[in-house]
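Dropping run_21.cif in here (mmCIF, C-alpha atoms):
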data_final
loop_
_atom_site.label_atom_id
_atom_site.label_comp_id
_atom_site.auth_asym_id
_atom_site.auth_seq_id
_atom_site.Cartn_x
_atom_site.Cartn_y
_atom_site.Cartn_z
CA MET A 114 -13.02 0.73 -14.06
CA GLU A 115 -14.96 3.98 -14.14
CA ASP A 116 -18.27 2.12 -13.61
CA PHE A 117 -16.76 0.21 -10.70
CA VAL A 118 -15.54 3.40 -9.01
CA GLN A 119 -18.99 4.95 -9.47
CA PHE A 120 -20.44 1.84 -7.81
CA LEU A 121 -18.02 2.21 -4.89
CA LEU A 122 -18.82 5.89 -4.48
CA LYS A 123 -22.48 4.99 -3.89
CA LYS A 124 -21.31 3.62 -0.53
CA VAL A 125 -20.00 7.06 0.49
CA TYR A 126 -22.02 9.84 2.08
CA ASN A 127 -22.24 12.80 -0.32
CA PRO A 128 -19.99 11.28 -3.03
CA LYS A 129 -18.01 13.43 -5.44
CA SER A 130 -17.15 12.17 -8.92
CA ILE A 131 -13.58 11.39 -9.90
CA ARG A 132 -12.13 12.06 -13.33
CA ASN A 133 -11.77 8.97 -15.50
CA GLU A 134 -8.11 9.73 -16.29
CA TYR A 135 -7.27 9.42 -12.56
CA ILE A 136 -9.12 6.09 -12.38
CA LEU A 137 -7.34 4.71 -15.46
CA GLU A 138 -3.94 5.85 -14.17
CA ALA A 139 -4.59 4.14 -10.82
CA PHE A 140 -5.61 0.96 -12.62
CA GLU A 141 -2.43 0.96 -14.74
CA LEU A 142 -0.28 1.48 -11.63
CA THR A 143 -2.08 -1.38 -9.89
CA ILE A 144 -1.41 -3.67 -12.86
CA LYS A 145 2.31 -2.85 -12.59
CA ASP A 146 2.23 -3.52 -8.84
CA VAL A 147 0.58 -6.92 -9.24
CA ASN A 148 2.64 -7.98 -12.27
CA HIS A 149 5.83 -7.24 -10.33
CA HIS A 150 4.99 -10.28 -8.15
CA PHE A 151 2.70 -12.21 -10.50
CA PRO A 152 3.91 -11.55 -14.07
CA ASN A 153 1.53 -14.03 -15.68
CA LEU A 154 -1.68 -12.38 -14.50
CA SER A 155 -3.56 -10.59 -17.27
CA LYS A 156 -5.09 -7.13 -17.04
CA GLU A 157 -8.54 -8.76 -17.02
CA GLU A 158 -7.61 -11.10 -14.15
CA ILE A 159 -6.31 -8.17 -12.13
CA LYS A 160 -9.46 -6.17 -12.83
CA ASN A 161 -11.52 -9.15 -11.68
CA SER A 162 -9.53 -9.31 -8.43
CA ILE A 163 -10.07 -5.59 -7.81
CA THR A 164 -13.80 -5.76 -8.43
CA ASN A 165 -14.18 -8.84 -6.20
CA ASN A 166 -12.47 -7.16 -3.23
CA SER A 167 -9.34 -9.25 -3.28
CA ASN A 168 -5.91 -7.95 -2.18
CA GLU A 169 -5.77 -5.85 -5.32
CA LEU A 170 -8.67 -3.58 -4.29
CA ALA A 171 -6.59 -2.04 -1.49
CA LEU A 172 -3.74 -1.43 -3.94
CA PHE A 173 -6.07 0.22 -6.43
CA LEU A 174 -7.66 2.48 -3.80
CA PHE A 175 -4.25 3.50 -2.47
CA ARG A 176 -2.99 4.31 -5.98
CA LEU A 177 -6.16 6.29 -6.71
CA GLY A 178 -5.88 8.24 -3.45
CA SER A 179 -2.20 8.95 -4.14
CA ILE A 180 -3.05 10.34 -7.58
CA LEU A 181 -5.69 12.59 -6.03
CA HIS A 182 -3.11 13.74 -3.46
CA GLN A 183 -0.53 14.51 -6.14
CA ASN A 184 -3.11 16.53 -8.07
CA ASN A 185 -4.24 18.50 -4.99
CA GLU A 186 -7.76 17.06 -5.18
CA GLU A 187 -8.19 17.47 -1.42
CA ASN A 188 -12.00 17.33 -1.52
CA LEU A 189 -11.93 13.93 -3.27
CA LYS A 190 -9.42 12.13 -1.04
CA PRO A 191 -11.59 11.55 2.07
CA GLN A 192 -14.05 9.33 0.23
CA ILE A 193 -11.25 7.07 -1.05
CA HIS A 194 -9.70 6.98 2.42
CA TRP A 195 -13.09 5.94 3.82
CA LEU A 196 -13.51 3.21 1.18
CA LEU A 197 -10.02 1.85 1.90
CA LYS A 198 -10.85 1.57 5.59
CA GLU A 199 -14.41 0.31 5.13
CA LEU A 200 -13.88 -2.24 2.35
CA CYS A 201 -10.29 -3.36 2.97
CA SER A 202 -9.89 -2.75 6.73
CA CYS A 203 -6.60 -0.96 6.24
CA GLU A 204 -5.38 2.62 6.39
CA ILE A 205 -2.63 3.94 4.15
CA TYR A 206 -1.92 7.65 4.01
CA PHE A 207 -1.83 9.01 0.49
CA ASN A 208 1.27 11.16 1.08
CA ASN A 209 3.43 8.02 1.25
CA GLN A 210 5.75 7.45 -1.70
CA ILE A 211 5.62 3.74 -2.52
CA GLY A 212 7.46 2.34 -5.54
CA GLU A 213 6.23 -0.06 -8.20
CA GLY A 214 5.55 -3.57 -7.00
CA PHE A 215 3.66 -2.61 -3.82
CA TYR A 216 1.58 -5.58 -2.69
CA ILE A 217 -0.76 -6.04 0.27
CA VAL A 218 -1.44 -9.61 1.40
CA HIS A 219 -4.72 -9.81 3.35
CA GLY A 220 -4.47 -6.16 4.40
CA GLU A 221 -6.90 -6.31 7.32
CA GLY A 222 -5.57 -4.23 10.19
CA THR A 223 -2.64 -2.82 8.24
CA VAL A 224 -1.71 0.81 8.83
CA ILE A 225 0.95 2.75 6.93
CA GLY A 226 1.22 6.17 8.54
CA SER A 227 2.23 9.35 6.79
CA ARG A 228 5.34 10.58 5.00
CA ASN A 229 7.14 7.27 4.44
CA THR A 230 9.34 6.60 1.42
CA ILE A 231 9.15 2.95 0.36
CA GLY A 232 11.06 1.36 -2.51
CA LYS A 233 10.09 -1.10 -5.23
CA GLY A 234 8.72 -4.57 -4.58
CA PHE A 235 7.42 -3.84 -1.06
CA LYS A 236 5.14 -6.56 0.32
CA ILE A 237 3.15 -6.17 3.54
CA HIS A 238 0.90 -8.69 5.29
CA HIS A 239 -2.11 -8.23 7.57
CA GLY A 240 -1.91 -6.51 10.93
CA CYS A 241 1.28 -4.56 10.17
CA THR A 242 2.03 -0.99 11.20
CA ILE A 243 4.49 1.53 9.83
CA GLY A 244 4.36 4.62 12.01
CA HIS A 245 6.03 7.35 14.00
CA LYS A 246 7.21 7.58 17.60
CA ARG A 247 5.45 10.90 17.95
CA ASN A 248 2.40 12.44 16.38
CA GLY A 249 2.25 15.68 14.47
CA GLY A 250 5.60 15.95 12.80
CA GLY A 251 8.87 14.43 11.90
CA ASN A 252 9.89 12.46 8.89
CA GLY A 253 8.63 9.06 7.92
CA ASN A 254 10.60 5.88 7.57
CA VAL A 255 12.78 5.13 4.54
CA ILE A 256 12.29 1.54 3.41
CA GLY A 257 14.45 0.08 0.64
CA ASP A 258 13.61 -2.14 -2.31
CA ASN A 259 12.18 -5.65 -2.02
CA VAL A 260 11.34 -5.46 1.69
CA THR A 261 8.76 -7.86 3.13
CA MET A 262 6.83 -7.43 6.39
CA TYR A 263 5.05 -10.53 7.70
CA CYS A 264 1.86 -10.45 9.79
CA ASN A 265 1.60 -8.26 12.88
CA SER A 266 5.05 -6.72 12.50
CA SER A 267 5.76 -3.02 13.02
CA ILE A 268 8.29 -0.38 12.02
CA ILE A 269 8.11 2.54 14.46
CA GLY A 270 10.26 5.66 14.24
CA GLU A 271 12.14 7.56 11.60
CA LEU A 272 14.17 4.57 10.51
CA ILE A 273 16.10 3.31 7.52
CA ILE A 274 15.25 -0.25 6.48
CA GLY A 275 17.73 -1.65 3.96
CA ASP A 276 17.07 -3.37 0.65
CA ASN A 277 15.91 -6.99 0.71
CA ALA A 278 15.14 -6.95 4.45
CA VAL A 279 12.61 -9.47 5.72
CA ILE A 280 10.77 -8.65 8.92
CA GLY A 281 9.23 -11.75 10.47
CA ALA A 282 5.83 -12.07 12.10
CA HIS A 283 5.17 -10.31 15.43
CA VAL A 284 8.39 -8.28 15.40
CA MET A 285 8.65 -4.59 16.30
CA ILE A 286 11.48 -2.68 14.62
CA THR A 287 12.75 0.43 16.44
CA GLN A 288 16.25 0.68 14.95
CA ASN A 289 17.77 0.89 11.49
CA ILE A 290 18.08 -2.39 9.60
CA ALA A 291 20.91 -3.18 7.18
CA ASP A 292 20.48 -4.52 3.65
CA ASN A 293 19.82 -8.26 3.30
CA SER A 294 18.73 -8.72 6.91
CA LEU A 295 16.23 -11.18 8.33
CA ILE A 296 14.57 -10.12 11.57
CA THR A 297 12.88 -12.92 13.50
CA GLN A 298 10.98 -13.19 16.78
CA ALA A 299 12.26 -11.20 19.74
CA GLY A 300 14.09 -8.84 17.38
CA GLU A 301 16.90 -11.27 16.63
CA LEU A 302 18.87 -9.99 13.66
CA LEU A 303 20.24 -12.58 11.28
CA ALA A 304 22.27 -11.89 8.20
CA ARG A 305 21.15 -13.77 5.14
CA GLN A 306 22.54 -14.24 1.70
CA ILE A 307 20.33 -13.24 -1.20
CA GLN A 308 20.51 -15.55 -4.18
CA LEU A 309 20.29 -13.46 -7.35
#
Rewrite the structure of this file - the entire thing - as structure tokens.
Amino acid sequence: MEDFVQFLLKKVYNPKSIRNEYILEAFELTIKDVNHHFPNLSKEEIKNSITNNSNELALFLFRLGSILHQNNEENLKPQIHWLLKELCSCEIYFNNQIGEGFYIVHGEGTVIGSRNTIGKGFKIHHGCTIGHKRNGGGNGNVIGDNVTMYCNSSIIGELIIGDNAVIGAHVMITQNIADNSLITQAGELLARQIQL
């Protein structure tokens, strides 16, 4: 993975090298994310998906940027942020806390703003937004485990989204959502039973 990251950094103006231990840690986290949803995929298959700019590249770049953020490598983060936007067409702030099992499905146009806390097994599709009602302050959203956002949906505010919630396509959420909820078009809230 180190060679691949060096290749990516050639696309950045004035690139700065990244320590191999950060790259390997990001790769291991990405493997855990992908295997949460696709347990039969091998490490080599996941690496191949990353290096061929599949969904997994955005995951890897987010995990790498998050590691840089946690290690106060402020001068290294902008180049990863730029690569995430340029190669994957999505923007995810590195100060988000996102649990294991994060997965981006066709991430084009997806934006996850700052300071959100997101649980395990989170899956987000293209064109989605998680953001704030106001710029420059406030807390982020708190999103539970195993939440799915389908294409062009949004969560806007400082909200609590319960475990196992499913937010349908083209829906904007501006209020808290209970566990095990299904939100469909026009904001209709339907309770659903989760089969365990």
Selection under test: the PyMOL selection byres ((chain A and resi 224) around 7); residues as an mmCIF file with C-alpha atoms, keeping the file's coordinate frame:
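Result saved to out27.cif:
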data_model
loop_
_atom_site.group_PDB
_atom_site.id
_atom_site.type_symbol
_atom_site.label_atom_id
_atom_site.label_comp_id
_atom_site.auth_asym_id
_atom_site.auth_seq_id
_atom_site.Cartn_x
_atom_site.Cartn_y
_atom_site.Cartn_z
ATOM 1 C CA CYS A 203 -6.600 -0.960 6.240
ATOM 2 C CA GLU A 204 -5.380 2.620 6.390
ATOM 3 C CA ILE A 205 -2.630 3.940 4.150
ATOM 4 C CA GLY A 222 -5.570 -4.230 10.190
ATOM 5 C CA THR A 223 -2.640 -2.820 8.240
ATOM 6 C CA ILE A 225 0.950 2.750 6.930
ATOM 7 C CA GLY A 226 1.220 6.170 8.540
ATOM 8 C CA CYS A 241 1.280 -4.560 10.170
ATOM 9 C CA THR A 242 2.030 -0.990 11.200
ATOM 10 C CA ILE A 243 4.490 1.530 9.830
#
Report as an MDAnalysis selection string all protein, DNA and RNA residues lying within 12 Å of A:Ser155, evaluated on only C-alpha atoms, omitting residues in the same chain fewer than 6 positions from it. chainID A and resid 141 143:145 147:148 161:162
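Note that the spacing between atom CA of A:Pro152 and atom CA of A:Gly275 amounts to 24.8 Å.
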#### Entry: Among the residues A:Val118, A:His150, A:Leu174, A:Glu169, the one that comes closest to A:His194 [using all atoms listed in the file]
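Counting all atoms listed in the file, the residue closest to A:His194 is A:Leu174.
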Matched chain/residue IDs from the PyMOL selection byres ((chain A and resi 276-293) around 10), as a PyMOL selection string: chain A and resi 232-243+245-246+254-275+294-307
Applying the PyMOL selection byres ((chain A and resi 168) around 7) to the file I just gave you, which residues come out? Please list them as a list in words. Asn166, Ser167, Glu169, Leu170, Ala171, Ile217, Val218, His219 and Gly220 of chain A
Edge lengths and centre in Å, axis-aligned, stretch 219-233 of chain A plus 5 Å each side, as JSON:
{"center_x": 2.1, "center_y": 0.4, "center_z": 2.5, "size_x": 28.0, "size_y": 30.4, "size_z": 25.4}
key: Polymer residues at most 12 Å from A:Glu186, all atoms listed in the file, same-chain spacing of 6 or more positions, as a PyMOL selection string   = chain A and resi 129-132+135+177-180+192-193+207
In Å and to one decimal, atom CA of A:Lys124 is distant from atom CA of A:Lys156 by 25.5 Å
- Contact residues around A:Leu121 with all atoms listed in the file at 10 Å, ignoring same-chain residues under 4 positions, as a ChimeraX atom specification: /A:115-117,125,128,164,192-193,196,200
Given the choices A:Asp146, A:Glu199, A:Glu221, A:Glu138, which gets closest to A:Leu122 if the distance is worked out from all atoms listed in the file?
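Using all atoms listed in the file, the shortest distance to A:Leu122 belongs to A:Glu199.
As for atom CA of A:Pro191 and atom CA of A:Ile159, they are spaced 24.9 Å apart.
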Extract stretch 152-181 of chain A from the coordinates I pasted, and write it as a tab-separated table (two decimals), in the first residue's frame (atoms kept: N, CA, C and O atoms).
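Output file part.tsv is given in full below:
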chain	number	residue	atom	x	y	z
A	152	PRO	N	-17.88	-10.44	4.36
A	152	PRO	CA	-16.90	-11.21	5.13
A	152	PRO	C	-16.04	-12.16	4.30
A	152	PRO	O	-14.99	-12.59	4.76
A	153	ASN	N	-16.46	-12.48	3.10
A	153	ASN	CA	-15.70	-13.44	2.30
A	153	ASN	C	-14.63	-12.80	1.42
A	153	ASN	O	-13.88	-13.52	0.75
A	154	LEU	N	-14.55	-11.47	1.41
A	154	LEU	CA	-13.53	-10.83	0.58
A	154	LEU	C	-12.17	-10.93	1.27
A	154	LEU	O	-12.03	-10.64	2.46
A	155	SER	N	-11.17	-11.30	0.51
A	155	SER	CA	-9.81	-11.43	1.05
A	155	SER	C	-9.13	-10.06	1.11
A	155	SER	O	-9.56	-9.10	0.46
A	156	LYS	N	-8.05	-10.02	1.85
A	156	LYS	CA	-7.23	-8.81	1.94
A	156	LYS	C	-6.76	-8.38	0.56
A	156	LYS	O	-6.77	-7.19	0.22
A	157	GLU	N	-6.37	-9.35	-0.26
A	157	GLU	CA	-5.88	-9.04	-1.62
A	157	GLU	C	-7.01	-8.47	-2.49
A	157	GLU	O	-6.78	-7.54	-3.28
A	158	GLU	N	-8.21	-9.02	-2.37
A	158	GLU	CA	-9.34	-8.50	-3.14
A	158	GLU	C	-9.68	-7.07	-2.73
A	158	GLU	O	-10.00	-6.22	-3.58
A	159	ILE	N	-9.60	-6.80	-1.44
A	159	ILE	CA	-9.88	-5.45	-0.96
A	159	ILE	C	-8.80	-4.48	-1.44
A	159	ILE	O	-9.10	-3.36	-1.87
A	160	LYS	N	-7.55	-4.90	-1.38
A	160	LYS	CA	-6.46	-4.07	-1.88
A	160	LYS	C	-6.67	-3.77	-3.36
A	160	LYS	O	-6.48	-2.64	-3.82
A	161	ASN	N	-7.08	-4.77	-4.13
A	161	ASN	CA	-7.34	-4.57	-5.55
A	161	ASN	C	-8.45	-3.55	-5.77
A	161	ASN	O	-8.37	-2.71	-6.67
A	162	SER	N	-9.50	-3.60	-4.95
A	162	SER	CA	-10.59	-2.63	-5.07
A	162	SER	C	-10.11	-1.22	-4.75
A	162	SER	O	-10.49	-0.26	-5.41
A	163	ILE	N	-9.28	-1.08	-3.73
A	163	ILE	CA	-8.73	0.24	-3.38
A	163	ILE	C	-7.91	0.79	-4.53
A	163	ILE	O	-8.10	1.93	-4.96
A	164	THR	N	-7.02	-0.02	-5.06
A	164	THR	CA	-6.10	0.47	-6.09
A	164	THR	C	-6.76	0.67	-7.45
A	164	THR	O	-6.18	1.31	-8.34
A	165	ASN	N	-7.97	0.15	-7.63
A	165	ASN	CA	-8.72	0.35	-8.87
A	165	ASN	C	-9.83	1.39	-8.71
A	165	ASN	O	-10.73	1.47	-9.54
A	166	ASN	N	-9.76	2.19	-7.65
A	166	ASN	CA	-10.70	3.28	-7.39
A	166	ASN	C	-12.14	2.79	-7.32
A	166	ASN	O	-13.04	3.38	-7.92
A	167	SER	N	-12.36	1.71	-6.62
A	167	SER	CA	-13.71	1.27	-6.32
A	167	SER	C	-14.17	1.96	-5.03
A	167	SER	O	-13.49	2.83	-4.51
A	168	ASN	N	-15.32	1.56	-4.52
A	168	ASN	CA	-15.86	2.17	-3.29
A	168	ASN	C	-14.83	2.19	-2.16
A	168	ASN	O	-14.82	3.11	-1.35
A	169	GLU	N	-13.98	1.20	-2.14
A	169	GLU	CA	-13.05	1.03	-1.03
A	169	GLU	C	-11.95	2.10	-0.99
A	169	GLU	O	-11.37	2.35	0.06
A	170	LEU	N	-11.68	2.77	-2.11
A	170	LEU	CA	-10.68	3.84	-2.10
A	170	LEU	C	-11.11	4.97	-1.19
A	170	LEU	O	-10.31	5.49	-0.41
A	171	ALA	N	-12.37	5.38	-1.27
A	171	ALA	CA	-12.86	6.46	-0.40
A	171	ALA	C	-12.74	6.07	1.07
A	171	ALA	O	-12.35	6.89	1.91
A	172	LEU	N	-13.06	4.82	1.39
A	172	LEU	CA	-12.91	4.35	2.77
A	172	LEU	C	-11.46	4.45	3.23
A	172	LEU	O	-11.18	4.95	4.32
A	173	PHE	N	-10.56	3.96	2.39
A	173	PHE	CA	-9.14	3.98	2.74
A	173	PHE	C	-8.64	5.41	2.95
A	173	PHE	O	-7.94	5.68	3.93
A	174	LEU	N	-8.99	6.31	2.06
A	174	LEU	CA	-8.54	7.70	2.20
A	174	LEU	C	-9.12	8.35	3.45
A	174	LEU	O	-8.43	9.09	4.16
A	175	PHE	N	-10.40	8.05	3.76
A	175	PHE	CA	-10.97	8.59	4.99
A	175	PHE	C	-10.22	8.05	6.21
A	175	PHE	O	-9.87	8.80	7.12
A	176	ARG	N	-9.99	6.75	6.24
A	176	ARG	CA	-9.29	6.16	7.39
A	176	ARG	C	-7.87	6.73	7.52
A	176	ARG	O	-7.41	7.02	8.62
A	177	LEU	N	-7.20	6.93	6.40
A	177	LEU	CA	-5.85	7.50	6.44
A	177	LEU	C	-5.90	8.94	6.97
A	177	LEU	O	-5.11	9.32	7.84
A	178	GLY	N	-6.83	9.73	6.45
A	178	GLY	CA	-6.97	11.11	6.93
A	178	GLY	C	-7.32	11.18	8.41
A	178	GLY	O	-6.82	12.05	9.13
A	179	SER	N	-8.15	10.26	8.87
A	179	SER	CA	-8.52	10.22	10.29
A	179	SER	C	-7.32	9.91	11.17
A	179	SER	O	-7.16	10.49	12.24
A	180	ILE	N	-6.48	8.99	10.71
A	180	ILE	CA	-5.26	8.64	11.46
A	180	ILE	C	-4.34	9.86	11.52
A	180	ILE	O	-3.77	10.16	12.58
A	181	LEU	N	-4.20	10.56	10.43
A	181	LEU	CA	-3.38	11.77	10.43
A	181	LEU	C	-3.95	12.80	11.40
A	181	LEU	O	-3.21	13.47	12.13
